[in-house]
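*Asks:* Structure file input-v7.txt (compact mmCIF, N, CA and C atoms) right here:
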# COMPACT_ATOMS: atom_id res chain seq x y z
N MET A 265 -48.47 -83.19 159.73
CA MET A 265 -49.65 -83.87 159.20
C MET A 265 -49.46 -85.37 159.39
N ASN A 266 -50.38 -85.97 160.06
CA ASN A 266 -50.38 -87.41 160.26
C ASN A 266 -51.04 -88.05 159.04
N LYS A 267 -50.25 -88.76 158.24
CA LYS A 267 -50.79 -89.30 156.98
C LYS A 267 -51.76 -90.45 157.21
N THR A 268 -51.63 -91.17 158.31
CA THR A 268 -52.62 -92.21 158.62
C THR A 268 -53.97 -91.56 158.88
N ALA A 269 -53.96 -90.48 159.65
CA ALA A 269 -55.20 -89.75 159.93
C ALA A 269 -55.76 -89.14 158.64
N LEU A 270 -54.87 -88.66 157.77
CA LEU A 270 -55.30 -88.11 156.48
C LEU A 270 -55.98 -89.19 155.65
N LYS A 271 -55.37 -90.36 155.58
CA LYS A 271 -55.97 -91.46 154.82
C LYS A 271 -57.33 -91.82 155.40
N ASN A 272 -57.41 -91.92 156.73
CA ASN A 272 -58.68 -92.25 157.36
C ASN A 272 -59.75 -91.21 157.05
N LYS A 273 -59.37 -89.93 157.06
CA LYS A 273 -60.31 -88.85 156.76
C LYS A 273 -60.79 -88.97 155.31
N MET A 274 -59.88 -89.23 154.39
CA MET A 274 -60.24 -89.33 152.97
C MET A 274 -61.13 -90.56 152.73
N VAL A 275 -60.84 -91.66 153.39
CA VAL A 275 -61.67 -92.86 153.27
C VAL A 275 -63.07 -92.56 153.81
N GLU A 276 -63.13 -91.86 154.95
CA GLU A 276 -64.42 -91.49 155.53
C GLU A 276 -65.23 -90.62 154.57
N LEU A 277 -64.58 -89.64 153.96
CA LEU A 277 -65.26 -88.77 152.99
C LEU A 277 -65.80 -89.58 151.82
N GLN A 278 -65.01 -90.52 151.33
CA GLN A 278 -65.44 -91.35 150.20
C GLN A 278 -66.58 -92.27 150.61
N GLN A 279 -66.51 -92.80 151.82
CA GLN A 279 -67.60 -93.65 152.31
C GLN A 279 -68.89 -92.85 152.46
N ASN A 280 -68.78 -91.58 152.84
CA ASN A 280 -69.96 -90.71 152.93
C ASN A 280 -70.59 -90.52 151.55
N ILE A 281 -69.75 -90.35 150.54
CA ILE A 281 -70.26 -90.22 149.16
C ILE A 281 -71.00 -91.49 148.77
N ILE A 282 -70.41 -92.64 149.10
CA ILE A 282 -71.04 -93.93 148.77
C ILE A 282 -72.39 -94.05 149.49
N SER A 283 -72.44 -93.68 150.76
CA SER A 283 -73.70 -93.76 151.52
C SER A 283 -74.78 -92.87 150.90
N GLU A 284 -74.39 -91.66 150.50
CA GLU A 284 -75.35 -90.75 149.87
C GLU A 284 -75.87 -91.33 148.55
N LEU A 285 -74.98 -91.92 147.77
CA LEU A 285 -75.40 -92.52 146.50
C LEU A 285 -76.29 -93.73 146.73
N GLU A 286 -75.98 -94.53 147.74
CA GLU A 286 -76.84 -95.69 148.05
C GLU A 286 -78.24 -95.22 148.42
N GLU A 287 -78.32 -94.13 149.15
CA GLU A 287 -79.63 -93.57 149.52
C GLU A 287 -80.38 -93.07 148.27
N LYS A 288 -79.65 -92.46 147.36
CA LYS A 288 -80.27 -91.98 146.12
C LYS A 288 -80.76 -93.14 145.26
N VAL A 289 -79.99 -94.23 145.22
CA VAL A 289 -80.42 -95.42 144.47
C VAL A 289 -81.71 -95.95 145.07
N SER A 290 -81.77 -96.01 146.39
CA SER A 290 -82.96 -96.51 147.07
C SER A 290 -84.17 -95.62 146.77
N THR A 291 -83.97 -94.31 146.79
CA THR A 291 -85.05 -93.38 146.49
C THR A 291 -85.50 -93.54 145.04
N ALA A 292 -84.55 -93.61 144.13
CA ALA A 292 -84.89 -93.76 142.71
C ALA A 292 -85.62 -95.09 142.48
N HIS A 293 -85.18 -96.14 143.18
CA HIS A 293 -85.82 -97.44 143.02
C HIS A 293 -87.27 -97.40 143.51
N SER A 294 -87.52 -96.67 144.59
CA SER A 294 -88.89 -96.59 145.11
C SER A 294 -89.80 -95.84 144.13
N MET A 295 -89.22 -94.94 143.33
CA MET A 295 -90.02 -94.23 142.33
C MET A 295 -90.31 -95.12 141.13
N VAL A 296 -89.45 -96.10 140.89
CA VAL A 296 -89.65 -97.03 139.77
C VAL A 296 -90.70 -98.06 140.11
N ASP A 297 -90.72 -98.45 141.37
CA ASP A 297 -91.58 -99.55 141.81
C ASP A 297 -93.00 -99.05 142.09
N ILE A 298 -93.79 -98.89 141.03
CA ILE A 298 -95.19 -98.48 141.20
C ILE A 298 -96.09 -99.69 141.02
N ASP A 299 -97.25 -99.61 141.62
CA ASP A 299 -98.22 -100.70 141.51
C ASP A 299 -98.94 -100.55 140.16
N GLU A 300 -98.54 -101.39 139.22
CA GLU A 300 -99.07 -101.27 137.86
C GLU A 300 -100.55 -101.63 137.77
N GLU A 301 -101.05 -102.45 138.70
CA GLU A 301 -102.47 -102.79 138.69
C GLU A 301 -103.33 -101.62 139.13
N MET A 302 -102.76 -100.75 139.97
CA MET A 302 -103.52 -99.61 140.49
C MET A 302 -103.35 -98.39 139.58
N THR A 303 -102.37 -98.42 138.70
CA THR A 303 -102.07 -97.26 137.88
C THR A 303 -102.80 -97.34 136.56
N HIS A 304 -103.45 -96.24 136.22
CA HIS A 304 -104.18 -96.19 134.96
C HIS A 304 -103.77 -95.00 134.11
N ASP A 305 -102.96 -94.14 134.68
CA ASP A 305 -102.55 -92.93 133.99
C ASP A 305 -101.26 -93.21 133.21
N PRO A 306 -101.27 -93.01 131.88
CA PRO A 306 -100.05 -93.26 131.08
C PRO A 306 -98.86 -92.42 131.54
N GLU A 307 -99.14 -91.27 132.14
CA GLU A 307 -98.05 -90.41 132.63
C GLU A 307 -97.28 -91.10 133.74
N ASP A 308 -97.96 -91.91 134.55
CA ASP A 308 -97.29 -92.65 135.61
C ASP A 308 -96.24 -93.61 135.04
N TYR A 309 -96.58 -94.24 133.92
CA TYR A 309 -95.62 -95.15 133.28
C TYR A 309 -94.42 -94.37 132.73
N SER A 310 -94.67 -93.18 132.23
CA SER A 310 -93.59 -92.34 131.73
C SER A 310 -92.65 -91.97 132.87
N HIS A 311 -93.22 -91.59 134.02
CA HIS A 311 -92.39 -91.25 135.18
C HIS A 311 -91.63 -92.47 135.67
N GLN A 312 -92.24 -93.63 135.57
CA GLN A 312 -91.59 -94.86 135.98
C GLN A 312 -90.35 -95.11 135.11
N TYR A 313 -90.48 -94.89 133.81
CA TYR A 313 -89.36 -95.07 132.89
C TYR A 313 -88.23 -94.09 133.22
N GLU A 314 -88.60 -92.81 133.41
CA GLU A 314 -87.60 -91.79 133.74
C GLU A 314 -86.90 -92.12 135.05
N SER A 315 -87.65 -92.59 136.02
CA SER A 315 -87.07 -92.96 137.31
C SER A 315 -86.12 -94.15 137.16
N GLY A 316 -86.46 -95.07 136.27
CA GLY A 316 -85.58 -96.20 136.00
C GLY A 316 -84.26 -95.76 135.39
N GLU A 317 -84.32 -94.78 134.49
CA GLU A 317 -83.09 -94.24 133.92
C GLU A 317 -82.26 -93.54 134.98
N LEU A 318 -82.92 -92.78 135.85
CA LEU A 318 -82.23 -92.10 136.94
C LEU A 318 -81.56 -93.12 137.86
N GLU A 319 -82.27 -94.17 138.17
CA GLU A 319 -81.72 -95.21 139.04
C GLU A 319 -80.46 -95.81 138.41
N ALA A 320 -80.50 -96.09 137.12
CA ALA A 320 -79.34 -96.66 136.43
C ALA A 320 -78.15 -95.70 136.46
N LEU A 321 -78.41 -94.42 136.26
CA LEU A 321 -77.33 -93.43 136.30
C LEU A 321 -76.70 -93.35 137.69
N VAL A 322 -77.53 -93.33 138.71
CA VAL A 322 -77.01 -93.25 140.08
C VAL A 322 -76.26 -94.53 140.44
N LYS A 323 -76.75 -95.68 139.98
CA LYS A 323 -76.03 -96.94 140.23
C LYS A 323 -74.64 -96.90 139.59
N ASN A 324 -74.52 -96.32 138.40
CA ASN A 324 -73.21 -96.18 137.76
C ASN A 324 -72.30 -95.31 138.60
N GLN A 325 -72.84 -94.20 139.13
CA GLN A 325 -72.05 -93.32 140.00
C GLN A 325 -71.63 -94.06 141.26
N LEU A 326 -72.54 -94.85 141.81
CA LEU A 326 -72.24 -95.63 143.01
C LEU A 326 -71.12 -96.63 142.74
N ASN A 327 -71.19 -97.33 141.63
CA ASN A 327 -70.14 -98.30 141.29
C ASN A 327 -68.79 -97.60 141.12
N LYS A 328 -68.80 -96.43 140.51
CA LYS A 328 -67.56 -95.65 140.33
C LYS A 328 -67.02 -95.21 141.69
N ALA A 329 -67.89 -94.75 142.57
CA ALA A 329 -67.47 -94.33 143.91
C ALA A 329 -66.86 -95.48 144.69
N LYS A 330 -67.43 -96.67 144.57
CA LYS A 330 -66.87 -97.85 145.25
C LYS A 330 -65.51 -98.22 144.66
N SER A 331 -65.40 -98.13 143.35
CA SER A 331 -64.12 -98.40 142.69
C SER A 331 -63.07 -97.37 143.13
N ASP A 332 -63.50 -96.12 143.22
CA ASP A 332 -62.59 -95.05 143.67
C ASP A 332 -62.11 -95.31 145.09
N LEU A 333 -63.01 -95.79 145.96
CA LEU A 333 -62.62 -96.10 147.34
C LEU A 333 -61.55 -97.18 147.35
N SER A 334 -61.71 -98.18 146.52
CA SER A 334 -60.72 -99.25 146.44
C SER A 334 -59.36 -98.69 145.99
N GLU A 335 -59.37 -97.79 145.01
CA GLU A 335 -58.13 -97.16 144.55
C GLU A 335 -57.49 -96.33 145.66
N LEU A 336 -58.32 -95.60 146.41
CA LEU A 336 -57.81 -94.78 147.51
C LEU A 336 -57.13 -95.64 148.56
N VAL A 337 -57.76 -96.73 148.93
CA VAL A 337 -57.19 -97.62 149.94
C VAL A 337 -55.85 -98.20 149.49
N ASP A 338 -55.69 -98.39 148.19
CA ASP A 338 -54.47 -98.98 147.65
C ASP A 338 -53.31 -98.00 147.50
N ILE A 339 -53.57 -96.70 147.68
CA ILE A 339 -52.49 -95.71 147.54
C ILE A 339 -51.50 -95.86 148.67
N ASP A 340 -50.22 -95.75 148.34
CA ASP A 340 -49.14 -95.82 149.32
C ASP A 340 -49.04 -94.45 150.01
N PHE A 341 -49.44 -94.40 151.29
CA PHE A 341 -49.43 -93.15 152.05
C PHE A 341 -48.12 -92.95 152.82
N SER A 342 -47.08 -93.71 152.50
CA SER A 342 -45.81 -93.53 153.22
C SER A 342 -45.22 -92.15 152.91
N GLU A 343 -44.24 -91.75 153.71
CA GLU A 343 -43.62 -90.44 153.50
C GLU A 343 -42.92 -90.40 152.14
N LYS A 344 -42.98 -89.25 151.51
CA LYS A 344 -42.42 -89.07 150.16
C LYS A 344 -41.33 -88.00 150.19
N SER A 345 -40.36 -88.14 149.30
CA SER A 345 -39.32 -87.12 149.16
C SER A 345 -39.51 -86.32 147.88
N VAL A 346 -40.35 -86.82 146.98
CA VAL A 346 -40.71 -86.10 145.76
C VAL A 346 -42.23 -86.17 145.61
N VAL A 347 -42.78 -85.23 144.84
CA VAL A 347 -44.23 -85.22 144.62
C VAL A 347 -44.59 -86.38 143.70
N GLU A 348 -45.39 -87.28 144.24
CA GLU A 348 -45.88 -88.46 143.53
C GLU A 348 -47.16 -88.89 144.22
N PRO A 349 -47.91 -89.83 143.65
CA PRO A 349 -49.13 -90.28 144.32
C PRO A 349 -48.82 -90.72 145.75
N GLY A 350 -49.67 -90.25 146.67
CA GLY A 350 -49.48 -90.53 148.08
C GLY A 350 -48.80 -89.42 148.84
N ALA A 351 -48.35 -88.39 148.14
CA ALA A 351 -47.66 -87.27 148.78
C ALA A 351 -48.65 -86.23 149.28
N PHE A 352 -48.32 -85.63 150.42
CA PHE A 352 -49.03 -84.45 150.91
C PHE A 352 -48.11 -83.27 150.65
N VAL A 353 -48.63 -82.28 149.93
CA VAL A 353 -47.83 -81.12 149.53
C VAL A 353 -48.45 -79.86 150.12
N GLN A 354 -47.64 -79.15 150.90
CA GLN A 354 -48.11 -77.90 151.48
C GLN A 354 -47.38 -76.75 150.79
N THR A 355 -48.17 -75.81 150.25
CA THR A 355 -47.61 -74.59 149.67
C THR A 355 -48.14 -73.41 150.46
N GLU A 356 -47.68 -72.22 150.13
CA GLU A 356 -48.16 -71.03 150.83
C GLU A 356 -49.61 -70.70 150.46
N LYS A 357 -50.12 -71.29 149.38
CA LYS A 357 -51.48 -70.99 148.93
C LYS A 357 -52.45 -72.15 149.11
N PHE A 358 -52.01 -73.36 148.81
CA PHE A 358 -52.88 -74.53 148.86
C PHE A 358 -52.15 -75.70 149.49
N ASN A 359 -52.95 -76.68 149.92
CA ASN A 359 -52.42 -77.95 150.41
C ASN A 359 -53.03 -79.03 149.54
N PHE A 360 -52.17 -79.90 149.02
CA PHE A 360 -52.62 -80.91 148.07
C PHE A 360 -52.32 -82.32 148.60
N PHE A 361 -53.25 -83.23 148.34
CA PHE A 361 -52.93 -84.65 148.46
C PHE A 361 -52.87 -85.15 147.03
N ILE A 362 -51.78 -85.79 146.66
CA ILE A 362 -51.56 -86.22 145.28
C ILE A 362 -51.98 -87.68 145.10
N GLY A 363 -52.78 -87.90 144.05
CA GLY A 363 -53.11 -89.27 143.68
C GLY A 363 -54.58 -89.62 143.75
N PHE A 364 -55.39 -88.75 144.38
CA PHE A 364 -56.82 -89.05 144.49
C PHE A 364 -57.61 -87.75 144.52
N PRO A 365 -58.52 -87.56 143.56
CA PRO A 365 -59.26 -86.30 143.52
C PRO A 365 -60.32 -86.21 144.63
N THR A 366 -60.40 -85.05 145.28
CA THR A 366 -61.42 -84.81 146.29
C THR A 366 -61.92 -83.39 146.17
N VAL A 367 -63.08 -83.16 146.74
CA VAL A 367 -63.50 -81.79 146.95
C VAL A 367 -62.66 -81.27 148.10
N PRO A 368 -62.45 -79.97 148.18
CA PRO A 368 -61.65 -79.44 149.30
C PRO A 368 -62.26 -79.82 150.65
N PHE A 369 -61.40 -80.12 151.61
CA PHE A 369 -61.84 -80.44 152.96
C PHE A 369 -60.83 -79.90 153.96
N ASP A 370 -61.24 -79.76 155.21
CA ASP A 370 -60.37 -79.23 156.25
C ASP A 370 -59.94 -80.33 157.20
N MET A 371 -58.66 -80.25 157.60
CA MET A 371 -58.12 -81.20 158.56
C MET A 371 -56.92 -80.56 159.24
N ASP A 372 -56.86 -80.67 160.54
CA ASP A 372 -55.75 -80.11 161.32
C ASP A 372 -55.51 -78.64 160.99
N GLY A 373 -56.59 -77.91 160.76
CA GLY A 373 -56.46 -76.48 160.47
C GLY A 373 -55.98 -76.16 159.07
N LEU A 374 -55.90 -77.17 158.23
CA LEU A 374 -55.45 -76.96 156.85
C LEU A 374 -56.59 -77.24 155.88
N HIS A 375 -56.63 -76.48 154.82
CA HIS A 375 -57.60 -76.68 153.74
C HIS A 375 -56.88 -77.51 152.67
N ILE A 376 -57.41 -78.71 152.41
CA ILE A 376 -56.73 -79.68 151.54
C ILE A 376 -57.61 -80.03 150.35
N VAL A 377 -56.98 -80.20 149.19
CA VAL A 377 -57.70 -80.67 148.01
C VAL A 377 -56.93 -81.86 147.44
N GLY A 378 -57.66 -82.87 147.03
CA GLY A 378 -57.04 -84.03 146.41
C GLY A 378 -56.88 -83.82 144.92
N VAL A 379 -55.73 -84.20 144.40
CA VAL A 379 -55.38 -84.01 143.00
C VAL A 379 -55.06 -85.36 142.38
N SER A 380 -55.74 -85.70 141.30
CA SER A 380 -55.45 -86.97 140.62
C SER A 380 -54.27 -86.80 139.67
N LYS A 381 -53.75 -87.94 139.21
CA LYS A 381 -52.67 -87.89 138.21
C LYS A 381 -53.18 -87.33 136.89
N ALA A 382 -54.50 -87.38 136.67
CA ALA A 382 -55.08 -86.85 135.43
C ALA A 382 -55.40 -85.35 135.53
N SER A 383 -55.20 -84.78 136.70
CA SER A 383 -55.48 -83.36 136.90
C SER A 383 -54.52 -82.50 136.08
N PRO A 384 -54.98 -81.36 135.60
CA PRO A 384 -54.09 -80.48 134.81
C PRO A 384 -52.87 -79.99 135.60
N ILE A 385 -52.97 -79.90 136.93
CA ILE A 385 -51.84 -79.39 137.71
C ILE A 385 -50.75 -80.45 137.93
N PHE A 386 -51.12 -81.72 137.83
CA PHE A 386 -50.18 -82.80 138.16
C PHE A 386 -48.86 -82.73 137.39
N PRO A 387 -48.85 -82.54 136.07
CA PRO A 387 -47.56 -82.50 135.37
C PRO A 387 -46.64 -81.38 135.84
N PHE A 388 -47.21 -80.31 136.39
CA PHE A 388 -46.40 -79.17 136.82
C PHE A 388 -45.79 -79.39 138.20
N ILE A 389 -46.41 -80.27 138.98
CA ILE A 389 -45.97 -80.50 140.35
C ILE A 389 -45.22 -81.83 140.52
N ALA A 390 -45.47 -82.78 139.65
CA ALA A 390 -44.89 -84.12 139.77
C ALA A 390 -43.36 -84.07 139.76
N GLY A 391 -42.77 -84.82 140.67
CA GLY A 391 -41.32 -84.93 140.74
C GLY A 391 -40.63 -83.80 141.48
N LYS A 392 -41.36 -82.79 141.88
CA LYS A 392 -40.77 -81.67 142.62
C LYS A 392 -40.43 -82.10 144.04
N LYS A 393 -39.48 -81.36 144.66
CA LYS A 393 -39.06 -81.63 146.03
C LYS A 393 -39.39 -80.44 146.92
N GLU A 394 -39.32 -80.69 148.20
CA GLU A 394 -39.55 -79.62 149.17
C GLU A 394 -38.60 -78.46 148.88
N GLY A 395 -39.13 -77.24 148.88
CA GLY A 395 -38.34 -76.04 148.60
C GLY A 395 -38.39 -75.63 147.14
N GLU A 396 -38.76 -76.54 146.26
CA GLU A 396 -38.86 -76.20 144.84
C GLU A 396 -40.18 -75.50 144.55
N SER A 397 -40.22 -74.86 143.40
CA SER A 397 -41.44 -74.14 143.02
C SER A 397 -41.96 -74.65 141.68
N PHE A 398 -43.21 -74.30 141.41
CA PHE A 398 -43.82 -74.62 140.12
C PHE A 398 -44.85 -73.55 139.83
N GLU A 399 -45.18 -73.42 138.56
CA GLU A 399 -46.19 -72.45 138.14
C GLU A 399 -47.35 -73.20 137.51
N PHE A 400 -48.54 -72.69 137.83
CA PHE A 400 -49.76 -73.26 137.23
C PHE A 400 -50.80 -72.16 137.15
N SER A 401 -51.39 -72.03 135.99
CA SER A 401 -52.44 -71.02 135.76
C SER A 401 -51.97 -69.61 136.12
N GLY A 402 -50.74 -69.33 135.79
CA GLY A 402 -50.21 -67.99 136.02
C GLY A 402 -49.85 -67.70 137.47
N LYS A 403 -49.89 -68.69 138.34
CA LYS A 403 -49.54 -68.50 139.74
C LYS A 403 -48.35 -69.36 140.10
N LYS A 404 -47.46 -68.79 140.93
CA LYS A 404 -46.28 -69.51 141.35
C LYS A 404 -46.52 -70.08 142.75
N TYR A 405 -46.13 -71.34 142.93
CA TYR A 405 -46.27 -72.04 144.21
C TYR A 405 -44.90 -72.52 144.64
N VAL A 406 -44.63 -72.41 145.94
CA VAL A 406 -43.41 -72.94 146.51
C VAL A 406 -43.80 -74.06 147.48
N ILE A 407 -43.17 -75.21 147.32
CA ILE A 407 -43.48 -76.36 148.18
C ILE A 407 -42.77 -76.14 149.52
N LYS A 408 -43.57 -75.83 150.54
CA LYS A 408 -43.05 -75.56 151.87
C LYS A 408 -42.80 -76.84 152.65
N LYS A 409 -43.68 -77.82 152.42
CA LYS A 409 -43.57 -79.08 153.16
C LYS A 409 -44.03 -80.21 152.27
N LEU A 410 -43.32 -81.31 152.30
CA LEU A 410 -43.65 -82.48 151.51
C LEU A 410 -43.55 -83.70 152.42
N ILE A 411 -44.66 -84.39 152.55
CA ILE A 411 -44.68 -85.58 153.42
C ILE A 411 -45.12 -86.77 152.59
Can you turn what I pasted into structure tokens?

*Replies:*
Amino acid sequence: MNKTALKNKMVELQQNIISELEEKVSTAHSMVDIDEEMTHDPEDYSHQYESGELEALVKNQLNKAKSDLSELVDIDFSEKSVVEPGAFVQTEKFNFFIGFPTVPFDMDGLHIVGVSKASPIFPFIAGKKEGESFEFSGKKYVIKKLI
């Protein structure tokens, strides 16, 4: 696994999330921006208010996504000898990137999921070395490869 390529893929995925949220903000903003001189129906004002709330919620998600991207870029992707943030962990069942949560994605024929330090699995896997095992949710995992 090329960790530079992995980082680039994860950054690309996060940038895609940001782009989608920016588009949603734009859509929500267009629903807020009604011509009040042409509008006479009180229901239109109600929809305008709801759209404004939606826009604010999506803007919060967008700001979080941008902050997350900054955190991702700052992760040390160098090779690791123990499971810690920045490690790629391959087991017989799953492949994990430690330190940044992601939806599962495929790369180099592997199905990978990002795991944050706040994830419930992190305490069970942290500090482990290649060849060691851990149990989580009643399942045993053996670390086949650690990069």

*Asks:* Counting all atoms listed in the file, which residues come within 7 Å of (-42.1, -90.2, 139.8), with the point read in the file's coordinates, and could you list them as a list of chain:residue names?

*Replies:* A:Val347, A:Glu348, A:Pro349, A:Ala390, A:Gly391

*Asks:* I want to know what sits within 6 Å of Ala351 of chain A, based on only C-alpha atoms, with residues of the same chain fewer than 4 positions away left out; could you give that as a list in words?

*Replies:*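 After dropping sequence-adjacent residues, the list is Lys344, Val347, Phe361, Ile362 and Ile411 of chain A.
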
*Asks:* Can you tell me, as an MDAnalysis selection string, what residues are no more than 8 Å from Lys330 of chain A when counting only N, CA and C atoms, ignoring any on the same chain fewer than 5 positions away?

*Replies:* chainID A and resid 278 281:282 324:325 335:336

*Asks:* In Å to one decimal, how far is atom CA of Met265 of chain A from atom CA of Glu284 of chain A?

*Replies:* 28.2 Å

*Asks:* Can you pull out every residue from chain A that DSSP, working from the backbone, puts in alpha helix (DSSP H), and format the result as a ChimeraX atom specification?

*Replies:* /A:267-296,306-338,386-389

*Asks:* Please determine, counting only C-alpha atoms, which residue among A:Phe400, A:Val275, A:Phe352, A:Thr366 has the shortest atom-to-atom distance to Ser334 of chain A.

*Replies:* A:Val275

*Asks:* Compare A:Thr291, A:Ser397, A:Ser345, A:Ser283 by their minimum atom-to-atom distance to Asn327 of chain A, counting only C-alpha atoms, and give me the closest one.

*Replies:* A:Ser283

*Asks:* Fewer than 5 positions away in the same chain doesn't count, so skip those; otherwise give me all residues within 5 Å of Lys408 of chain A, counting only N, CA and C atoms, as a list in words.

*Replies:*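 The residues satisfying every condition are Gln354, Thr355 and Gly395 of chain A.
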
*Asks:* Rounded to one decimal, what separation in Å do you get between atom C of Pro368 of chain A and atom CA of Lys404 of chain A?

*Replies:*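 According to the coordinates, atom C of Pro368 of chain A and atom CA of Lys404 of chain A are separated by 21.2 Å.
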
*Asks:* Using atom CA of Thr268 of chain A and atom CA of Val337 of chain A as the two end points, give the distance in Å to one decimal.

*Replies:*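 Going from atom CA of Thr268 of chain A over to atom CA of Val337 of chain A, I get 11.2 Å.
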
*Asks:* Counting only N, CA and C atoms, which residue out of A:His375, A:Lys273, A:Lys393, A:Lys288 sits closest to Val346 of chain A?

*Replies:*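 For Val346 of chain A, the nearest of the given residues is A:Lys393.
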
*Asks:* Can you list, as a list of chain:residue names, all residues belonging to segment 275-407 of chain A that DSSP tags as strand (DSSP E)?

*Replies:*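 Restricting segment 275-407 of chain A to strand (DSSP E) produces A:Phe352, A:Val353, A:Gln354, A:Thr355, A:Asn359, A:Phe360, A:Phe361, A:Ile362, A:Phe369, A:Asp370, A:Met371, A:Leu374, A:His375, A:Ile376, A:Val377, A:Gly378, A:Val379, A:Ser397, A:Phe398, A:Glu399, A:Phe400, A:Lys403, A:Lys404, A:Tyr405, A:Val406, A:Ile407.
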
*Asks:* For Phe398 of chain A, find every residue with an atom within 10 Å (counting only C-alpha atoms), except residues of its own chain fewer than 2 positions away, and show them as a PDB file with N, CA and C atoms, keeping the file's coordinate frame.

*Replies:*
ATOM      1  N   ILE A 385     -52.970 -79.900 136.930  1.00  0.00           N
ATOM      2  CA  ILE A 385     -51.840 -79.390 137.710  1.00  0.00           C
ATOM      3  C   ILE A 385     -50.750 -80.450 137.930  1.00  0.00           C
ATOM      4  N   PRO A 387     -48.850 -82.540 136.070  1.00  0.00           N
ATOM      5  CA  PRO A 387     -47.560 -82.500 135.370  1.00  0.00           C
ATOM      6  C   PRO A 387     -46.640 -81.380 135.840  1.00  0.00           C
ATOM      7  N   PHE A 388     -47.210 -80.310 136.390  1.00  0.00           N
ATOM      8  CA  PHE A 388     -46.400 -79.170 136.820  1.00  0.00           C
ATOM      9  C   PHE A 388     -45.790 -79.390 138.200  1.00  0.00           C
ATOM     10  N   ILE A 389     -46.410 -80.270 138.980  1.00  0.00           N
ATOM     11  CA  ILE A 389     -45.970 -80.500 140.350  1.00  0.00           C
ATOM     12  C   ILE A 389     -45.220 -81.830 140.520  1.00  0.00           C
ATOM     13  N   ALA A 390     -45.470 -82.780 139.650  1.00  0.00           N
ATOM     14  CA  ALA A 390     -44.890 -84.120 139.770  1.00  0.00           C
ATOM     15  C   ALA A 390     -43.360 -84.070 139.760  1.00  0.00           C
ATOM     16  N   LYS A 392     -41.360 -82.790 141.880  1.00  0.00           N
ATOM     17  CA  LYS A 392     -40.770 -81.670 142.620  1.00  0.00           C
ATOM     18  C   LYS A 392     -40.430 -82.100 144.040  1.00  0.00           C
ATOM     19  N   GLU A 396     -38.760 -76.540 146.260  1.00  0.00           N
ATOM     20  CA  GLU A 396     -38.860 -76.200 144.840  1.00  0.00           C
ATOM     21  C   GLU A 396     -40.180 -75.500 144.550  1.00  0.00           C
ATOM     22  N   PHE A 400     -48.540 -72.690 137.830  1.00  0.00           N
ATOM     23  CA  PHE A 400     -49.760 -73.260 137.230  1.00  0.00           C
ATOM     24  C   PHE A 400     -50.800 -72.160 137.150  1.00  0.00           C
ATOM     25  N   LYS A 403     -49.890 -68.690 138.340  1.00  0.00           N
ATOM     26  CA  LYS A 403     -49.540 -68.500 139.740  1.00  0.00           C
ATOM     27  C   LYS A 403     -48.350 -69.360 140.100  1.00  0.00           C
ATOM     28  N   LYS A 404     -47.460 -68.790 140.930  1.00  0.00           N
ATOM     29  CA  LYS A 404     -46.280 -69.510 141.350  1.00  0.00           C
ATOM     30  C   LYS A 404     -46.520 -70.080 142.750  1.00  0.00           C
ATOM     31  N   TYR A 405     -46.130 -71.340 142.930  1.00  0.00           N
ATOM     32  CA  TYR A 405     -46.270 -72.040 144.210  1.00  0.00           C
ATOM     33  C   TYR A 405     -44.900 -72.520 144.640  1.00  0.00           C
ATOM     34  N   VAL A 406     -44.630 -72.410 145.940  1.00  0.00           N
ATOM     35  CA  VAL A 406     -43.410 -72.940 146.510  1.00  0.00           C
ATOM     36  C   VAL A 406     -43.800 -74.060 147.480  1.00  0.00           C
ATOM     37  N   ILE A 407     -43.170 -75.210 147.320  1.00  0.00           N
ATOM     38  CA  ILE A 407     -43.480 -76.360 148.180  1.00  0.00           C
ATOM     39  C   ILE A 407     -42.770 -76.140 149.520  1.00  0.00           C
TER      40      ILE A 407
END

*Asks:* Please fill the gaps in segment 366-372 of chain A so it has N, CA, C and O atoms, and write that as an mmCIF file, in the frame of the given file.

*Replies:*
data_model
loop_
_atom_site.group_PDB
_atom_site.id
_atom_site.type_symbol
_atom_site.label_atom_id
_atom_site.label_comp_id
_atom_site.auth_asym_id
_atom_site.auth_seq_id
_atom_site.Cartn_x
_atom_site.Cartn_y
_atom_site.Cartn_z
ATOM 1 N N THR A 366 -60.400 -85.050 145.280
ATOM 2 C CA THR A 366 -61.420 -84.810 146.290
ATOM 3 C C THR A 366 -61.920 -83.390 146.170
ATOM 4 O O THR A 366 -61.256 -82.534 145.586
ATOM 5 N N VAL A 367 -63.080 -83.160 146.740
ATOM 6 C CA VAL A 367 -63.500 -81.790 146.950
ATOM 7 C C VAL A 367 -62.660 -81.270 148.100
ATOM 8 O O VAL A 367 -62.166 -82.056 148.916
ATOM 9 N N PRO A 368 -62.450 -79.970 148.180
ATOM 10 C CA PRO A 368 -61.650 -79.440 149.300
ATOM 11 C C PRO A 368 -62.260 -79.820 150.650
ATOM 12 O O PRO A 368 -63.484 -79.851 150.808
ATOM 13 N N PHE A 369 -61.400 -80.120 151.610
ATOM 14 C CA PHE A 369 -61.840 -80.440 152.960
ATOM 15 C C PHE A 369 -60.830 -79.900 153.960
ATOM 16 O O PHE A 369 -59.689 -79.573 153.586
ATOM 17 N N ASP A 370 -61.240 -79.760 155.210
ATOM 18 C CA ASP A 370 -60.370 -79.230 156.250
ATOM 19 C C ASP A 370 -59.940 -80.330 157.200
ATOM 20 O O ASP A 370 -60.736 -81.208 157.551
ATOM 21 N N MET A 371 -58.660 -80.250 157.600
ATOM 22 C CA MET A 371 -58.120 -81.200 158.560
ATOM 23 C C MET A 371 -56.920 -80.560 159.240
ATOM 24 O O MET A 371 -56.070 -79.971 158.560
ATOM 25 N N ASP A 372 -56.860 -80.670 160.540
ATOM 26 C CA ASP A 372 -55.750 -80.110 161.320
ATOM 27 C C ASP A 372 -55.510 -78.640 160.990
ATOM 28 O O ASP A 372 -54.370 -78.181 160.914
#
